[in-house]
Every structure is written in C-alpha cells, then in structure tokens.
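Here the structure comes first, spelled out in structure tokens, and everything after it is commentary.
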Amino acid sequence: MPLATDRVIRGVLFDRDDTLVIDVPYNADPHRVVPVPGAHRAVERARAAGLRVGVVTNQSVVAKGMATREQVDATNARVDELVGPFDVWCVCPHDAGDACRCRKPRPGMVLDAAAALGLDPAELVVVGDIGADVGAALAAGAQGILVPTARTRAEEVAAADTVVGSLDEAVDLVLARVPAEQA
C-alpha cells in the first residue's frame, strides 16, 4: 500500500541495523560496519531530492553494559561516513524494560528528530525492518515503511500499512510524495 497522498514529505528517518547496515548484534565496533547493498545510493537519492535525512536507532548495548555511548557514537560515525551524511542522529541507549520515551516503538526519537530538523512529524517517513520502527513512526504522527528482512516477523509484515521489498523501493515511495518545488 502506498503512503498517504494527503501529506507532503520533507524528511526521511532510517533505522540503522538491518536497514542501513548489516546487523551485527550489539555492534559498537566501527570496523564491523558493512552497509546494506544500495544503502548509500538510497540515502543519496533522498538527499538529492531535497529531503532531510536522519537515523533513529535503538542501541540497548549501552544499557546492557556491553559498550559505552562513545563506542556506539563511533560506530554511528562510521555509518555516517559510509552511508550518509545524515542531518540528525537520534540514539536510544536504553533497554526494553527501562520505560524511556525514546525506545522504539515509542515516539521519542522520531519527535526529537523532527524537532532537530525543523519539521512536523507528519512530514516524515520512518523506514525500518521491524514493527517497532513503523510503530514509532505512527506513534509520533509520521508514516512508516517496512522493509522486511529474514528476521522480520510475519505478524509485523501483516500489521504494517506500507511494505516494500527494498530500501530503493522505500525511497521511490517517499520521492513520489516530495513536492516539486522542494526537489
């Protein structure tokens, strides 16, 4: 199903692991960052169309004590170097049970990214590989696009309003909603 036709899109937020880069569980090592094929091109296409781009990522590795925030930030800097650049990075360092406002599917990171970009959340699309990514988008008033991987659960695919087969397809859908004067 396509994105809502009554909204103008001015920004796109991407999940990090299994969306932009190959997921290495709890990765906080910049040397282990490998982009998903086509990720740089997809981000570049969004930026070239005049969209603001960002990343919203749960990184519970910090809360679990398996890495420091500085290590996660260094890993994100490597993603930015290989796939970006991104206009904003929002990172949730909490664990699932911490009851924070930022951990997806809660809306905190999407709302923070919208504020940092100077956009209304309704002008954003969040692209990710699991239901929590889409859930965070909807909770914030944005739209979500699910790009399933082998690890995406069937019920997450069934529940998502917009599902595509690749990051390029997700960007195609977003670009179709970009106003002509912005591109």
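In the structure tokens, the first chain shown is A, the next is B, and so on; residue numbers restart at 1 for each chain, and ligands run from 1 in the order shown.
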Inset, instruction - Find the spatial neighbours of range 138-153 of chain A, counting only C-alpha atoms, within a cut-off of 10 Å - ignore same-chain residues fewer than 5 positions away - and output them as a PyMOL selection string. - result: chain A and resi 1-4+7+9+12-14+18-19+104-112+114+120-133+158-171+173-174
Legend entry - Backbone DSSP call of strand (DSSP E) for range 48-128 of chain A, listed as a PyMOL selection string: chain A and resi 52-58+88-92+124-128
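Excluding Val61 in chain A itself and any same-chain residue fewer than 6 positions from it, the protein and nucleic acid residues within 10 Å of it, counting only C-alpha atoms, are Pro25, Tyr26, Asn27, Ala28, Ala67, Thr68, Arg69, Gln71, Val72, Cys92, Pro93, His94 and Asp95 of chain A.
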Inset, instruction - Write out as a PyMOL selection string all residues of range 41-126 of chain A that backbone DSSP assigns to alpha helix (DSSP H). - result: chain A and resi 41-48+69-83+108-117
Legend entry - Length of the CA of Leu82 in chain A to CA of Lys64 in chain A vector [Å]: 26.7 Å
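Minimum atom-to-atom distance to Asp172 in chain A, evaluated using only C-alpha atoms, belongs to A:Ala42 out of A:Pro30, A:Ile22, A:Ala42, A:Pro35.
Taking CA of Ala115 in chain A and CA of Val88 in chain A as endpoints, the distance between them is 10.1 Å.
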Inset, instruction - Rounded to one decimal place, report the CA of Arg52 in chain A-CA of Gly11 in chain A distance in Å. - result: 4.4 Å
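Counting only C-alpha atoms and comparing A:Ala48, A:Ala74, A:Val83, A:Ala63, the residue that lies closest to Arg16 in chain A is A:Val83.
Proximity to Cys100 in chain A was assessed for A:Asp15, A:Glu156, A:Val34, A:Asn58 counting only C-alpha atoms; the smallest distance is recorded for A:Asn58.
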